[in-house]
Each structure stands twice: as structure tokens, then as C-alpha cells.
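Asker: Questions regarding the structure given below will be posed in turn.
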Amino acid sequence: MDLAAAVILTVIAYLLGSLNSAIIVCRIMGFPDPRTQGSGNPGATNVLRYGGKKAAIIVLLGDMLKGLLPVAAAQWLGLADGWLALVAFAAFLGHLYPVFFGFKGGKGVATALGVMLGLSWPAGLAVLGTWLATAFVFRYSSLAALTATLLAPLYAWLILGSAEILAMVVVMGCLLIWRHRSNIRKLLDGSEGKIGR
């Protein structure tokens, strides 16, 4: 694989990740900037609170695709695991720190799911299944995200078996947990909002 092509794809992955679906969708649909509403997080869960299910679903799909597409392209080009992991991480990092929105992005849950689906659909489905099961039982989106995040390295290790990709998933998980630190505090003190409220 040509080094220049791998570097270019990594840059493209970051730029694609920097396109925040929540902010773009809310502008198009005439809703307020999600960074000024609810939790202030530009993500699907916050958009659901005031923009409704349609807007939230579009945001969710948009954030997933920007994680999935660059990774799928890297797979198609036959990148080695090290480069594949870098492309995946660049897309995720773009969502967290978007160059187009002052480096202030979302928490990265949907983009991380897209990354996992791009790396391996069984691993991605395992992460999604963990999120859905936890959300269904406990009704907390943040708890579902944290549970899926903690189990993602296990799925990556069992299904993918690549040291480079496992390391990337661990680092991605650490950043996801860091971005959810306020949610963790709210979960502990009982003030976290439940899904549907």
C-alpha cells in the first residue's frame, strides 16, 4: 500500500469525522444549535430531547457513517492493521475535536460504533447489542455507552485479534470515558436523565 495514499486517507478520515452531524442537521432543519440546548452535547441523544426522533435518527446515522466509511475504504484498499487503526482513530478524533467547529465536538459514541462496524461487523454488532441491552434495562443512554465502551476491547480482542487495533480501541475507550465524566458524576448522584424523559 502506498504510504502517501494511507496518509491522505487518514487526513480525509479526520476531516470527515469533523463534520458534526448534529450541528449540520439542526441548521438544516431549523433547530437551535445543540451546543446551546439540553446537555450541550452535539449528539443524537441531545437532539432527540428537543428535535424529535427523525432528527435524532439522521444525526445517529450520520455520525455512524463518518466512522464506518473511512474504515471501510481502508479495508478495501488493503491497509495494514497499523494504518487501519490510525484511519479509524482519526475519524473518531475528528468527531471529538472537529476542525470545522472550533475543536469542540461530541462524545463520540455513534462514531465509535461506526468505526467498530467498519473494522468488523460482528464486533460492531456486539457493541451495539451491549448498548441496546443496557439502555433497555436501565434506560440511561450514558450508562449504555459506558458499558459498551468497557466491553469493546474484549470484543476486539476476541473477534479481530490484532494488537494494533486492540490498542486503538482501548485508547478510543479511554477518551469516551473521559468525555462522559460529567455523566458518570450524574449517574453516581442520581441526577442523570433517563431515555425518553
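If you're wondering about the labels, chains in the C-alpha cells are A, B, ... by order shown, residues count from 1 in each chain, ligands from 1 in order shown.
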Might you pull out every residue within 8 Å of Ala110 of chain A, with only C-alpha atoms counted and same-chain residues fewer than 5 positions away left off, and present them as number ranges by chain?

Answerer: A: 60-61, 63-64

Asker: Since we have the selection now, will you write its residues out, keeping N, CA and C atoms, as an mmCIF file, in the first residue's frame?

Answerer:
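Output (part32.cif):
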data_model
loop_
_atom_site.group_PDB
_atom_site.id
_atom_site.type_symbol
_atom_site.label_atom_id
_atom_site.label_comp_id
_atom_site.auth_asym_id
_atom_site.auth_seq_id
_atom_site.Cartn_x
_atom_site.Cartn_y
_atom_site.Cartn_z
ATOM 1 N N LEU A 60 -27.758 10.247 14.258
ATOM 2 C CA LEU A 60 -27.152 8.973 14.626
ATOM 3 C C LEU A 60 -26.534 8.291 13.410
ATOM 4 N N LEU A 61 -27.269 8.221 12.323
ATOM 5 C CA LEU A 61 -26.766 7.580 11.099
ATOM 6 C C LEU A 61 -25.582 8.347 10.522
ATOM 7 N N ASP A 63 -23.411 10.259 12.133
ATOM 8 C CA ASP A 63 -22.226 10.071 12.972
ATOM 9 C C ASP A 63 -21.651 8.659 12.828
ATOM 10 N N MET A 64 -22.521 7.675 12.656
ATOM 11 C CA MET A 64 -22.041 6.307 12.441
ATOM 12 C C MET A 64 -21.315 6.178 11.103
#

Asker: Among the residues of segment 89-155 of chain A, find those DSSP assigns to helix (DSSP H, G or I) from the backbone and print them as JSON, numbers by chain.

Answerer: {"A": [89, 90, 91, 92, 93, 94, 95, 96, 99, 100, 101, 109, 110, 111, 112, 113, 114, 115, 116, 117, 118, 119, 121, 122, 123, 124, 125, 126, 127, 128, 129, 130, 131, 132, 133, 134, 135, 136, 137, 138, 141, 142, 143, 144, 145, 146, 147, 148, 149, 150, 151, 152, 153, 154, 155]}

Asker: Okay, now the selection with C-alpha atoms, as a CSV table (one decimal), in the first residue's frame?

Answerer:
chain,number,residue,atom,x,y,z
A,89,PHE,CA,-8.9,6.7,15.2
A,90,ALA,CA,-8.6,9.8,13.0
A,91,ALA,CA,-12.3,9.6,12.2
A,92,PHE,CA,-13.2,9.2,15.9
A,93,LEU,CA,-10.9,12.1,16.9
A,94,GLY,CA,-12.4,14.3,14.2
A,95,HIS,CA,-15.8,13.9,15.9
A,96,LEU,CA,-14.4,14.8,19.4
A,99,VAL,CA,-11.5,21.4,12.9
A,100,PHE,CA,-14.7,22.9,11.4
A,101,PHE,CA,-16.3,23.7,14.8
A,109,VAL,CA,-20.4,7.1,20.8
A,110,ALA,CA,-22.1,6.8,17.4
A,111,THR,CA,-18.8,7.4,15.5
A,112,ALA,CA,-17.1,4.8,17.7
A,113,LEU,CA,-19.9,2.3,16.8
A,114,GLY,CA,-19.4,3.1,13.1
A,115,VAL,CA,-15.7,2.5,13.5
A,116,MET,CA,-16.3,-0.8,15.1
A,117,LEU,CA,-18.8,-1.9,12.4
A,118,GLY,CA,-16.2,-0.9,9.8
A,119,LEU,CA,-13.5,-2.9,11.5
A,121,TRP,CA,-19.4,-6.2,11.7
A,122,PRO,CA,-19.6,-9.0,14.3
A,123,ALA,CA,-17.6,-6.8,16.7
A,124,GLY,CA,-19.7,-3.8,15.9
A,125,LEU,CA,-23.0,-5.7,16.4
A,126,ALA,CA,-21.7,-7.0,19.7
A,127,VAL,CA,-21.0,-3.3,20.8
A,128,LEU,CA,-24.5,-2.3,19.5
A,129,GLY,CA,-26.1,-5.2,21.2
A,130,THR,CA,-24.5,-4.3,24.5
A,131,TRP,CA,-25.7,-0.7,24.2
A,132,LEU,CA,-29.2,-1.7,23.3
A,133,ALA,CA,-29.5,-4.3,26.1
A,134,THR,CA,-28.1,-1.9,28.8
A,135,ALA,CA,-30.3,1.0,27.6
A,136,PHE,CA,-33.4,-1.2,27.5
A,137,VAL,CA,-32.8,-2.5,31.1
A,138,PHE,CA,-31.6,0.7,32.8
A,141,SER,CA,-28.0,6.3,27.4
A,142,SER,CA,-24.7,7.3,29.1
A,143,LEU,CA,-24.6,4.0,31.1
A,144,ALA,CA,-25.3,2.1,27.9
A,145,ALA,CA,-22.4,3.9,26.2
A,146,LEU,CA,-20.0,3.3,29.1
A,147,THR,CA,-20.9,-0.4,29.3
A,148,ALA,CA,-20.4,-0.9,25.6
A,149,THR,CA,-17.2,1.1,25.8
A,150,LEU,CA,-15.8,-1.1,28.6
A,151,LEU,CA,-16.6,-4.3,26.7
A,152,ALA,CA,-15.5,-3.1,23.2
A,153,PRO,CA,-11.8,-4.1,23.8
A,154,LEU,CA,-12.9,-7.6,24.8
A,155,TYR,CA,-14.9,-7.9,21.5

Asker: Restrict the calculation to only C-alpha atoms, then for each residue of segment 51-74 of chain A with any atom at most 6 Å from an atom of segment 36-47 of chain A give the closest atom pair and their distance in Å to one decimal, rows by chain and rising residue number, as JSON lines.

Answerer:
{"residue": "A:Gly51", "atom": "CA", "partner": "A:Val47", "partner_atom": "CA", "distance": 5.2}
{"residue": "A:Ala56", "atom": "CA", "partner": "A:Ala44", "partner_atom": "CA", "distance": 4.7}
{"residue": "A:Val59", "atom": "CA", "partner": "A:Ala44", "partner_atom": "CA", "distance": 5.4}
{"residue": "A:Leu60", "atom": "CA", "partner": "A:Ala44", "partner_atom": "CA", "distance": 5.4}

Asker: Give the answer as one residue: which of A:Leu19, A:Leu3, A:Thr10, A:Met29 has the shortest atom-to-atom distance to Gly102 of chain A, using only C-alpha atoms?

Answerer: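 Checking each candidate against Gly102 of chain A, we get A:Leu19 as the closest.
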
Asker: Distance atom CA of Phe31 of chain A-atom CA of Ile57 of chain A, one decimal place?

Answerer: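 Result for atom CA of Phe31 of chain A versus atom CA of Ile57 of chain A: 14.7 Å, one decimal.
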
Asker: Considering only C-alpha atoms, state which residue in the set A:Ile177, A:Arg139, A:Ser120, A:Lys53 is at the smallest distance from Trp157 of chain A.

Answerer: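 Nearest candidate to Trp157 of chain A out of A:Ile177, A:Arg139, A:Ser120, A:Lys53: A:Ser120.
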
Asker: Looking at A:Ile195, A:Leu69, A:Gly108, A:Ala88, which one is nearest to Arg179 of chain A, with distances taken over only C-alpha atoms?

Answerer: A:Gly108

Asker: Mind checking which residues fall within 10 Å of Glu192 of chain A, counting only C-alpha atoms, ignoring those fewer than 2 positions away in the same chain, and posting them as a list in words?

Answerer: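 Selected residues are Tyr140, Ser141, Ser142, Leu143, Ser182, Asn183, Ile184, Arg185, Lys186, Leu187, Leu188, Asp189, Gly190, Lys194 and Ile195 of chain A.
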
Asker: For C-alpha atoms, I'd like the residues from the last selection saved as an mmCIF file, in the first residue's frame.

Answerer:
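Result file again03.cif:
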data_model
loop_
_atom_site.group_PDB
_atom_site.id
_atom_site.type_symbol
_atom_site.label_atom_id
_atom_site.label_comp_id
_atom_site.auth_asym_id
_atom_site.auth_seq_id
_atom_site.Cartn_x
_atom_site.Cartn_y
_atom_site.Cartn_z
ATOM 1 C CA TYR A 140 -29.701 5.516 30.680
ATOM 2 C CA SER A 141 -28.016 6.342 27.371
ATOM 3 C CA SER A 142 -24.747 7.261 29.107
ATOM 4 C CA LEU A 143 -24.633 4.023 31.113
ATOM 5 C CA SER A 182 -19.986 14.569 33.796
ATOM 6 C CA ASN A 183 -22.450 11.778 33.038
ATOM 7 C CA ILE A 184 -20.583 9.480 35.418
ATOM 8 C CA ARG A 185 -20.925 12.062 38.195
ATOM 9 C CA LYS A 186 -24.658 12.375 37.481
ATOM 10 C CA LEU A 187 -25.116 8.610 37.436
ATOM 11 C CA LEU A 188 -23.423 8.383 40.826
ATOM 12 C CA ASP A 189 -25.520 11.142 42.404
ATOM 13 C CA GLY A 190 -28.775 10.030 40.740
ATOM 14 C CA LYS A 194 -33.255 8.702 31.552
ATOM 15 C CA ILE A 195 -34.054 7.947 27.911
#

Asker: Using only C-alpha atoms, which residue out of A:Gly196, A:Gly173, A:Gly105, A:Pro70 lies closest to Leu9 of chain A?

Answerer: A:Pro70

Asker: For atom CA of Ala156 of chain A and atom CA of Val169 of chain A, determine how far apart the two atoms are, in Å to one decimal place.

Answerer: 7.4 Å

Asker: Just give me the gap between atom CA of Gly17 of chain A and atom CA of Lys66 of chain A in Å, one decimal is fine.

Answerer: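 Going from atom CA of Gly17 of chain A over to atom CA of Lys66 of chain A covers 5.6 Å.
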